[in-house]
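For reference, input.csv is printed below; it contains CSV, C-alpha atoms.
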```csv
chain,number,residue,atom,x,y,z
G,1,MET,CA,-68.1,-34.1,66.5
G,2,SER,CA,-69.6,-35.1,69.8
G,3,ARG,CA,-67.5,-37.1,72.2
G,4,ARG,CA,-68.9,-39.9,74.4
G,5,LEU,CA,-66.8,-39.1,77.4
G,6,PRO,CA,-67.9,-40.8,80.6
G,7,PRO,CA,-67.5,-39.1,83.9
G,8,LEU,CA,-63.9,-39.2,85.3
G,9,SER,CA,-65.1,-40.8,88.5
G,10,TRP,CA,-66.3,-43.8,86.6
G,11,LEU,CA,-63.0,-44.1,84.7
G,12,ARG,CA,-61.1,-43.8,88.0
G,13,ALA,CA,-63.1,-46.5,89.5
G,14,PHE,CA,-62.6,-48.7,86.5
G,15,GLU,CA,-58.8,-48.1,86.4
G,16,ALA,CA,-58.3,-48.8,90.1
G,17,SER,CA,-60.5,-51.9,89.9
G,18,ALA,CA,-58.6,-53.2,86.9
G,19,ARG,CA,-55.3,-52.6,88.6
G,20,HIS,CA,-56.3,-54.5,91.7
G,21,LEU,CA,-58.8,-56.8,90.1
G,22,SER,CA,-60.9,-56.1,93.1
G,23,PHE,CA,-63.7,-53.7,93.8
G,24,THR,CA,-62.9,-53.9,97.5
G,25,HIS,CA,-59.2,-52.9,97.1
G,26,ALA,CA,-60.1,-50.2,94.6
G,27,ALA,CA,-62.6,-48.8,97.2
G,28,ALA,CA,-60.0,-48.7,99.9
G,29,GLU,CA,-57.6,-46.8,97.5
G,30,LEU,CA,-60.2,-44.2,96.5
G,31,GLY,CA,-61.8,-43.8,99.9
G,32,LEU,CA,-65.2,-45.1,98.8
G,33,THR,CA,-67.3,-48.1,99.6
G,34,GLN,CA,-67.2,-51.4,97.6
G,35,ALA,CA,-70.8,-50.8,96.6
G,36,ALA,CA,-70.0,-47.3,95.3
G,37,ILE,CA,-67.1,-48.6,93.2
G,38,SER,CA,-69.2,-51.5,91.8
G,39,LYS,CA,-72.0,-49.1,91.0
G,40,GLN,CA,-69.7,-46.7,89.1
G,41,VAL,CA,-68.1,-49.4,87.1
G,42,LYS,CA,-71.5,-50.8,86.2
G,43,ALA,CA,-72.6,-47.3,85.1
G,44,LEU,CA,-69.5,-47.1,82.9
G,45,GLU,CA,-70.3,-50.4,81.3
G,46,LEU,CA,-73.9,-49.3,80.6
G,47,HIS,CA,-72.5,-46.1,79.1
G,48,LEU,CA,-70.2,-48.0,76.8
G,49,HIS,CA,-72.7,-50.8,76.1
G,50,GLU,CA,-69.9,-53.3,76.8
G,51,PRO,CA,-69.0,-55.4,79.8
G,52,LEU,CA,-65.5,-54.6,81.2
G,53,PHE,CA,-65.2,-57.3,83.8
G,54,GLN,CA,-66.3,-60.9,84.2
G,55,ARG,CA,-67.5,-61.1,87.8
G,56,GLY,CA,-67.2,-64.3,89.8
G,57,PRO,CA,-68.1,-65.1,93.4
G,58,ARG,CA,-64.6,-64.2,94.6
G,59,SER,CA,-62.9,-63.0,91.4
G,60,LEU,CA,-62.8,-60.2,89.0
G,61,VAL,CA,-61.3,-60.6,85.5
G,62,LEU,CA,-61.1,-58.1,82.6
G,63,THR,CA,-62.9,-58.9,79.5
G,64,LYS,CA,-61.1,-58.5,76.1
G,65,VAL,CA,-62.8,-55.1,75.7
G,66,GLY,CA,-61.8,-54.2,79.3
G,67,ALA,CA,-58.2,-55.2,78.7
G,68,ALA,CA,-58.1,-53.2,75.5
G,69,TYR,CA,-59.7,-50.1,77.2
G,70,LEU,CA,-57.5,-50.1,80.3
G,71,PRO,CA,-54.2,-48.7,78.6
G,72,LYS,CA,-56.3,-46.0,76.9
G,73,VAL,CA,-57.7,-44.9,80.2
G,74,ARG,CA,-54.3,-45.0,81.9
G,75,ASP,CA,-52.7,-43.0,79.1
G,76,ALA,CA,-55.4,-40.4,79.4
G,77,PHE,CA,-54.9,-40.0,83.1
G,78,GLU,CA,-51.1,-39.7,82.7
G,79,ARG,CA,-51.5,-37.1,79.9
G,80,LEU,CA,-53.8,-35.1,82.1
G,81,ALA,CA,-51.4,-35.3,85.1
G,82,LEU,CA,-48.4,-34.2,82.9
G,83,GLY,CA,-50.4,-31.4,81.3
G,84,THR,CA,-51.5,-30.1,84.7
G,85,ASP,CA,-47.9,-30.2,86.1
G,86,GLU,CA,-46.6,-28.5,82.9
G,87,LEU,CA,-48.9,-25.6,83.3
G,88,PHE,CA,-49.4,-25.3,87.0
G,89,GLY,CA,-46.5,-27.2,88.5
G,90,SER,CA,-46.7,-30.2,90.8
G,91,ARG,CA,-45.6,-28.3,93.9
G,92,ARG,CA,-47.0,-24.8,93.3
G,93,SER,CA,-48.9,-24.7,96.6
G,94,GLU,CA,-45.9,-26.0,98.6
G,95,VAL,CA,-42.7,-24.4,99.9
G,96,LEU,CA,-40.4,-22.5,97.5
G,97,THR,CA,-37.3,-24.7,97.0
G,98,VAL,CA,-34.0,-23.2,96.0
G,99,ARG,CA,-30.9,-25.2,95.1
G,100,ALA,CA,-27.4,-23.8,95.7
G,101,ALA,CA,-23.9,-25.0,96.2
G,102,VAL,CA,-23.3,-26.0,99.8
G,103,GLY,CA,-20.4,-23.6,100.2
G,104,PHE,CA,-22.4,-20.6,98.9
G,105,SER,CA,-25.4,-21.7,101.0
G,106,VAL,CA,-23.4,-21.7,104.2
G,107,THR,CA,-21.2,-18.6,103.6
G,108,TRP,CA,-23.4,-16.3,101.6
G,109,ILE,CA,-27.1,-17.2,101.9
G,110,ALA,CA,-27.3,-18.3,105.5
G,111,PRO,CA,-26.1,-15.1,107.1
G,112,ARG,CA,-28.6,-13.1,105.1
G,113,LEU,CA,-31.7,-15.2,105.5
G,114,ILE,CA,-33.0,-13.3,108.6
G,115,ARG,CA,-33.6,-10.4,106.3
G,116,TYR,CA,-35.6,-12.5,103.9
G,117,ARG,CA,-37.8,-13.6,106.8
G,118,GLU,CA,-38.2,-10.0,107.9
G,119,ARG,CA,-39.3,-8.9,104.4
G,120,HIS,CA,-41.5,-12.0,103.8
G,121,PRO,CA,-42.8,-13.1,107.2
G,122,GLY,CA,-44.6,-16.4,107.1
G,123,ARG,CA,-43.2,-17.4,103.7
G,124,ARG,CA,-42.0,-20.9,103.6
G,125,LEU,CA,-38.5,-21.6,102.0
G,126,ARG,CA,-36.4,-24.7,101.5
G,127,ILE,CA,-32.7,-24.5,100.6
G,128,VAL,CA,-31.3,-27.7,99.2
G,129,SER,CA,-27.5,-28.1,98.7
G,130,SER,CA,-25.6,-29.3,95.7
G,131,ILE,CA,-21.9,-29.7,94.9
G,132,TRP,CA,-21.9,-29.9,91.1
G,133,ASN,CA,-24.0,-27.9,88.6
G,134,GLU,CA,-26.3,-30.8,87.8
G,135,GLU,CA,-29.2,-30.6,85.4
G,136,PHE,CA,-32.2,-28.5,86.5
G,137,ASP,CA,-34.9,-30.7,88.0
G,138,ARG,CA,-38.3,-29.0,88.2
G,139,GLU,CA,-39.6,-31.8,90.4
G,140,ARG,CA,-37.0,-31.1,93.1
G,141,PHE,CA,-36.5,-27.3,93.1
G,142,ASP,CA,-38.0,-24.1,91.7
G,143,LEU,CA,-34.8,-21.9,91.5
G,144,ASP,CA,-31.2,-22.7,91.0
G,145,ILE,CA,-28.0,-20.9,92.0
G,146,ARG,CA,-25.0,-21.8,89.8
G,147,TYR,CA,-21.4,-20.8,89.4
G,148,GLY,CA,-20.0,-19.9,86.0
G,149,ARG,CA,-19.8,-17.3,83.3
G,150,GLY,CA,-23.6,-17.2,82.6
G,151,GLY,CA,-25.3,-17.8,79.4
G,152,TRP,CA,-27.5,-20.8,80.4
G,153,PRO,CA,-30.1,-21.3,77.7
G,154,LYS,CA,-33.8,-21.5,78.6
G,155,PHE,CA,-33.2,-19.7,81.9
G,156,ARG,CA,-33.5,-16.1,83.1
G,157,THR,CA,-30.1,-15.5,84.6
G,158,ASP,CA,-29.4,-12.9,87.3
G,159,ARG,CA,-25.9,-12.3,88.5
G,160,LEU,CA,-25.4,-12.3,92.3
G,161,THR,CA,-21.6,-11.9,92.9
G,162,TRP,CA,-18.5,-10.2,91.5
G,163,GLU,CA,-15.6,-12.4,92.4
G,164,ARG,CA,-12.0,-11.7,93.3
G,165,LEU,CA,-9.5,-14.4,93.9
G,166,THR,CA,-7.2,-14.0,97.0
G,167,PRO,CA,-4.8,-16.6,98.5
G,168,LEU,CA,-5.8,-17.4,102.1
G,169,CYS,CA,-3.9,-19.3,104.8
G,170,SER,CA,-3.7,-19.9,108.5
G,171,PRO,CA,-2.5,-16.9,110.5
G,172,ALA,CA,-0.1,-19.2,112.3
G,173,LEU,CA,1.7,-21.5,109.8
G,174,PRO,CA,3.0,-24.8,111.2
G,175,ALA,CA,6.5,-24.7,112.8
G,176,GLY,CA,9.3,-25.0,110.3
G,177,THR,CA,7.1,-23.8,107.3
G,178,PRO,CA,8.7,-21.1,105.2
G,179,PRO,CA,6.9,-17.7,105.6
G,180,LEU,CA,4.8,-16.2,102.8
G,181,GLY,CA,6.5,-13.0,102.2
G,182,GLU,CA,5.9,-12.7,98.5
G,183,PRO,CA,3.9,-14.8,95.9
G,184,ARG,CA,6.9,-16.8,94.8
G,185,ASP,CA,7.1,-18.3,98.3
G,186,LEU,CA,4.0,-20.3,97.4
G,187,ARG,CA,6.4,-22.9,95.9
G,188,HIS,CA,7.0,-24.1,99.5
G,189,HIS,CA,3.4,-24.6,100.3
G,190,ALA,CA,0.6,-26.9,99.2
G,191,LEU,CA,-1.9,-25.3,96.9
G,192,LEU,CA,-5.5,-26.1,97.8
G,193,HIS,CA,-8.0,-26.3,94.9
G,194,VAL,CA,-11.8,-26.4,94.8
G,195,LEU,CA,-13.1,-28.5,91.9
G,196,GLY,CA,-15.6,-27.1,89.5
G,197,TYR,CA,-14.1,-23.7,89.1
G,198,GLU,CA,-12.6,-22.7,85.7
G,199,GLN,CA,-10.5,-19.8,86.9
G,200,GLY,CA,-8.1,-20.7,89.8
G,201,TRP,CA,-4.5,-20.8,90.7
G,202,ALA,CA,-3.3,-20.5,87.1
G,203,THR,CA,-5.2,-17.2,86.8
G,204,TRP,CA,-3.9,-15.8,90.1
G,205,LEU,CA,-0.2,-16.9,89.6
G,206,SER,CA,-0.2,-15.4,86.1
G,207,ALA,CA,-1.5,-12.1,87.4
G,208,ALA,CA,1.1,-12.1,90.1
G,209,GLY,CA,3.9,-12.8,87.5
G,210,VAL,CA,5.0,-15.9,89.3
G,211,GLU,CA,6.7,-18.7,87.2
G,212,GLY,CA,8.1,-22.0,88.2
G,213,ILE,CA,5.0,-23.1,90.2
G,214,ASP,CA,2.8,-25.8,88.9
G,215,PRO,CA,-0.8,-24.3,89.2
G,216,GLY,CA,-2.3,-27.8,89.3
G,217,SER,CA,-0.2,-29.2,92.2
G,218,GLY,CA,-1.5,-29.7,95.7
G,219,LEU,CA,-4.7,-31.0,97.1
G,220,GLN,CA,-8.2,-30.9,95.6
G,221,PHE,CA,-11.6,-30.7,97.3
G,222,ASP,CA,-15.2,-30.6,96.1
G,223,THR,CA,-16.4,-27.8,98.4
G,224,SER,CA,-14.9,-24.5,99.5
G,225,LEU,CA,-15.8,-25.2,103.1
G,226,LEU,CA,-13.5,-28.3,103.2
G,227,ALA,CA,-10.7,-26.4,101.6
G,228,PHE,CA,-11.1,-23.5,104.1
G,229,GLU,CA,-10.9,-26.0,107.0
G,230,VAL,CA,-7.7,-27.6,105.7
G,231,ALA,CA,-6.1,-24.2,105.1
G,232,ALA,CA,-7.1,-23.0,108.6
G,233,SER,CA,-5.4,-26.1,110.1
G,234,GLY,CA,-2.2,-25.2,108.3
G,235,GLY,CA,-2.5,-27.7,105.5
G,236,GLY,CA,-1.9,-25.3,102.6
G,237,VAL,CA,-3.0,-22.1,100.9
G,238,VAL,CA,-6.5,-21.9,99.5
G,239,LEU,CA,-7.6,-19.5,96.8
G,240,GLY,CA,-10.7,-17.8,98.3
G,241,ARG,CA,-13.5,-16.3,96.3
G,242,SER,CA,-14.6,-13.0,97.7
G,243,SER,CA,-18.3,-14.0,98.0
G,244,MET,CA,-17.5,-16.9,100.3
G,245,SER,CA,-14.4,-15.8,102.2
G,246,ALA,CA,-15.6,-12.7,103.9
G,247,GLY,CA,-16.8,-14.6,107.0
G,248,VAL,CA,-13.8,-16.7,107.5
G,249,LEU,CA,-11.5,-13.7,107.1
G,250,ALA,CA,-13.6,-11.7,109.6
G,251,SER,CA,-13.3,-14.5,112.1
G,252,GLY,CA,-9.5,-14.5,111.9
G,253,ARG,CA,-9.3,-18.2,111.1
G,254,LEU,CA,-7.8,-17.3,107.7
G,255,VAL,CA,-5.7,-14.3,106.6
G,256,ALA,CA,-4.6,-13.0,103.2
G,257,PRO,CA,-0.8,-13.0,103.1
G,258,PHE,CA,-0.6,-10.9,99.9
G,259,GLU,CA,-2.4,-7.7,98.8
G,260,LEU,CA,-3.1,-8.9,95.3
G,261,SER,CA,-6.6,-10.0,94.5
G,262,VAL,CA,-7.6,-10.9,91.0
G,263,GLU,CA,-11.0,-10.2,89.4
G,264,VAL,CA,-12.5,-13.1,87.5
G,265,GLU,CA,-15.4,-13.4,85.1
G,266,GLU,CA,-17.0,-16.4,86.9
G,267,ALA,CA,-19.7,-15.6,89.4
G,268,PHE,CA,-22.8,-17.1,91.1
G,269,HIS,CA,-26.0,-16.6,89.3
G,270,LEU,CA,-29.7,-17.2,90.1
G,271,LEU,CA,-31.4,-19.3,87.4
G,272,SER,CA,-35.1,-19.2,86.8
G,273,PRO,CA,-36.6,-21.4,84.2
G,274,LEU,CA,-38.4,-19.6,81.4
G,275,ASP,CA,-40.8,-22.4,80.5
G,276,GLY,CA,-43.8,-23.2,82.7
G,277,ARG,CA,-45.5,-21.3,85.5
G,278,GLU,CA,-43.3,-19.8,88.2
G,279,HIS,CA,-43.8,-20.6,91.9
G,280,ALA,CA,-45.9,-17.9,93.6
G,281,ASP,CA,-43.0,-17.0,96.0
G,282,ALA,CA,-40.2,-17.0,93.4
G,283,ALA,CA,-40.5,-13.3,92.4
G,284,GLY,CA,-40.3,-12.2,96.0
G,285,PHE,CA,-37.3,-14.3,96.7
G,286,ARG,CA,-35.6,-13.2,93.6
G,287,ALA,CA,-36.2,-9.5,94.4
G,288,TRP,CA,-34.8,-10.0,97.9
G,289,LEU,CA,-31.7,-11.9,96.6
G,290,LEU,CA,-30.9,-9.3,94.0
G,291,ASP,CA,-31.2,-6.5,96.6
G,292,GLU,CA,-28.7,-8.4,98.8
G,293,ALA,CA,-26.4,-8.9,95.8
G,294,ALA,CA,-26.6,-5.2,94.8
G,295,ALA,CA,-25.5,-4.2,98.3
G,296,GLU,CA,-22.3,-6.3,97.9
G,297,ARG,CA,-21.6,-5.2,94.3
G,298,PRO,CA,-18.4,-3.2,94.0
G,299,ALA,CA,-18.6,0.3,92.7
G,300,GLY,CA,-17.6,1.2,89.2
G,301,PRO,CA,-18.1,-0.7,85.8
G,302,GLY,CA,-18.7,-4.4,85.6
```

Starting from the file, lay out its structure as structure tokens.
Amino acid sequence: MSRRLPPLSWLRAFEASARHLSFTHAAAELGLTQAAISKQVKALELHLHEPLFQRGPRSLVLTKVGAAYLPKVRDAFERLALGTDELFGSRRSEVLTVRAAVGFSVTWIAPRLIRYRERHPGRRLRIVSSIWNEEFDRERFDLDIRYGRGGWPKFRTDRLTWERLTPLCSPALPAGTPPLGEPRDLRHHALLHVLGYEQGWATWLSAAGVEGIDPGSGLQFDTSLLAFEVAASGGGVVLGRSSMSAGVLASGRLVAPFELSVEVEEAFHLLSPLDGREHADAAGFRAWLLDEAAAERPAGPG
């Protein structure tokens, strides 16, 4: 069955003219002359054997046929745009965009980015920060780094970290504050929590065999960076995750008062959507990130 499909340029001229009810404004939008738009619309009318506009000296009005045809044309353009984005992506020629939790971006990704630039000189990269594990948004980013136990459906999931929980505090506690000689001394200190983590103080206190301390007591924060700052100022004891606490420990701003660190199942993972076409730079970034993660992975099983 043959299809009487007119040229897309004619349809675009018609759609813009119908939206503006002006050949002049449609021409300005499409970067053409008013005469060119008028000629294309006229050619479309001849092709369809129907007038689409009633032309007045200073006005343009859709005919009944034109008004009925307009939503069909708009729908066709929208479907074409959606189909193109679905197969090829709306930003595939632009910068690779990776979303990650703000604390992980600052403490883990940022110190390593120089090596990504050395491996991929000239490649453009954008890191956008998040606090919560919000829904994946293909229009905003290409890859996502999330914290959890894994198992996200519809995503390739690559583990990046192997976490251990360790209490951290200021090396100089405020005057009059009881010392932290053993884990049960935590009852005299504020526990600092980072929201969004499933395994936290209850996990560590249980491993330490400490009873009589409410694991939910204390102060809560939405980022590890803020919790670290409060702890460094003497405001309490934060439970640091090994992937993000190395830098602040090396700086001496925080110290670990106890030797016990507890391994947990939660970790940071790189998520890559399985549906649709992947950004051209995604594979290279993933390979670099996994090499960085492998260098930090502890020896032995797990």

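Excluding range 224-240 of chain G itself and any same-chain residue fewer than 3 positions from it, the protein and nucleic acid residues within 6 Å of it, counting all atoms listed in the file, are Gly103, Leu165, Thr166, Pro167, Leu168, Cys169, Ser170, Leu173, Pro174, His189, Ala190, Leu191, Leu192, Val194, Ser245, Arg253 and Leu254 of chain G.
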
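Among the candidate residues G:His47, G:His25, G:Arg187, G:Arg126, the one lying nearest to Trp10 in chain G is G:His47, with distances computed using all atoms listed in the file.
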
Nearest residue to Ala172 in chain G from the set G:Val102, G:Leu96, G:Val128, G:Ala256 (distances using all atoms listed in the file): G:Ala256

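Shortest separation to Ile213 in chain G among G:Tyr147, G:Trp201, G:Phe285, G:Phe268 occurs at residue G:Trp201, atoms counted being all atoms listed in the file.
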
Option closest in space to Glu292 in chain G, from G:Pro51, G:Gly151, G:Pro111, G:Pro71 [counting only C-alpha atoms]: G:Pro111

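Across G:Glu50, G:Glu163, G:Glu182, G:Asp158, the tightest approach to Pro273 in chain G is made by G:Asp158 when counting all atoms listed in the file.
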
As a check of understanding: the span from CA of Thr203 in chain G to CA of Leu271 in chain G is 26.3 Å

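Pairwise distance (CA of Arg241 in chain G, CA of Trp204 in chain G) equals 11.4 Å.
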
Using only C-alpha atoms, which of the listed residues (G:Ala18, G:Ala76, G:Leu160, G:Leu274) sits closest to Pro298 in chain G? G:Leu160

Selection near Phe23 in chain G, 12 Å with only C-alpha atoms, sequence-local residues under 4 positions removed, as number ranges by chain: G: 12-19, 27-42, 53, 55-56, 58-61

Would you save the residues of that selection, restricted to C-alpha atoms, as a PDB file, in the coordinates of the input?
```pdb
ATOM      1  CA  ARG G  12     -61.100 -43.800  88.000  1.00  0.00           C
ATOM      2  CA  ALA G  13     -63.100 -46.500  89.500  1.00  0.00           C
ATOM      3  CA  PHE G  14     -62.600 -48.700  86.500  1.00  0.00           C
ATOM      4  CA  GLU G  15     -58.800 -48.100  86.400  1.00  0.00           C
ATOM      5  CA  ALA G  16     -58.300 -48.800  90.100  1.00  0.00           C
ATOM      6  CA  SER G  17     -60.500 -51.900  89.900  1.00  0.00           C
ATOM      7  CA  ALA G  18     -58.600 -53.200  86.900  1.00  0.00           C
ATOM      8  CA  ARG G  19     -55.300 -52.600  88.600  1.00  0.00           C
ATOM      9  CA  ALA G  27     -62.600 -48.800  97.200  1.00  0.00           C
ATOM     10  CA  ALA G  28     -60.000 -48.700  99.900  1.00  0.00           C
ATOM     11  CA  GLU G  29     -57.600 -46.800  97.500  1.00  0.00           C
ATOM     12  CA  LEU G  30     -60.200 -44.200  96.500  1.00  0.00           C
ATOM     13  CA  GLY G  31     -61.800 -43.800  99.900  1.00  0.00           C
ATOM     14  CA  LEU G  32     -65.200 -45.100  98.800  1.00  0.00           C
ATOM     15  CA  THR G  33     -67.300 -48.100  99.600  1.00  0.00           C
ATOM     16  CA  GLN G  34     -67.200 -51.400  97.600  1.00  0.00           C
ATOM     17  CA  ALA G  35     -70.800 -50.800  96.600  1.00  0.00           C
ATOM     18  CA  ALA G  36     -70.000 -47.300  95.300  1.00  0.00           C
ATOM     19  CA  ILE G  37     -67.100 -48.600  93.200  1.00  0.00           C
ATOM     20  CA  SER G  38     -69.200 -51.500  91.800  1.00  0.00           C
ATOM     21  CA  LYS G  39     -72.000 -49.100  91.000  1.00  0.00           C
ATOM     22  CA  GLN G  40     -69.700 -46.700  89.100  1.00  0.00           C
ATOM     23  CA  VAL G  41     -68.100 -49.400  87.100  1.00  0.00           C
ATOM     24  CA  LYS G  42     -71.500 -50.800  86.200  1.00  0.00           C
ATOM     25  CA  PHE G  53     -65.200 -57.300  83.800  1.00  0.00           C
ATOM     26  CA  ARG G  55     -67.500 -61.100  87.800  1.00  0.00           C
ATOM     27  CA  GLY G  56     -67.200 -64.300  89.800  1.00  0.00           C
ATOM     28  CA  ARG G  58     -64.600 -64.200  94.600  1.00  0.00           C
ATOM     29  CA  SER G  59     -62.900 -63.000  91.400  1.00  0.00           C
ATOM     30  CA  LEU G  60     -62.800 -60.200  89.000  1.00  0.00           C
ATOM     31  CA  VAL G  61     -61.300 -60.600  85.500  1.00  0.00           C
TER      32      VAL G  61
END
```

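In this model, the gap between CA of Ala293 in chain G and CA of Arg156 in chain G comes to 16.2 Å.
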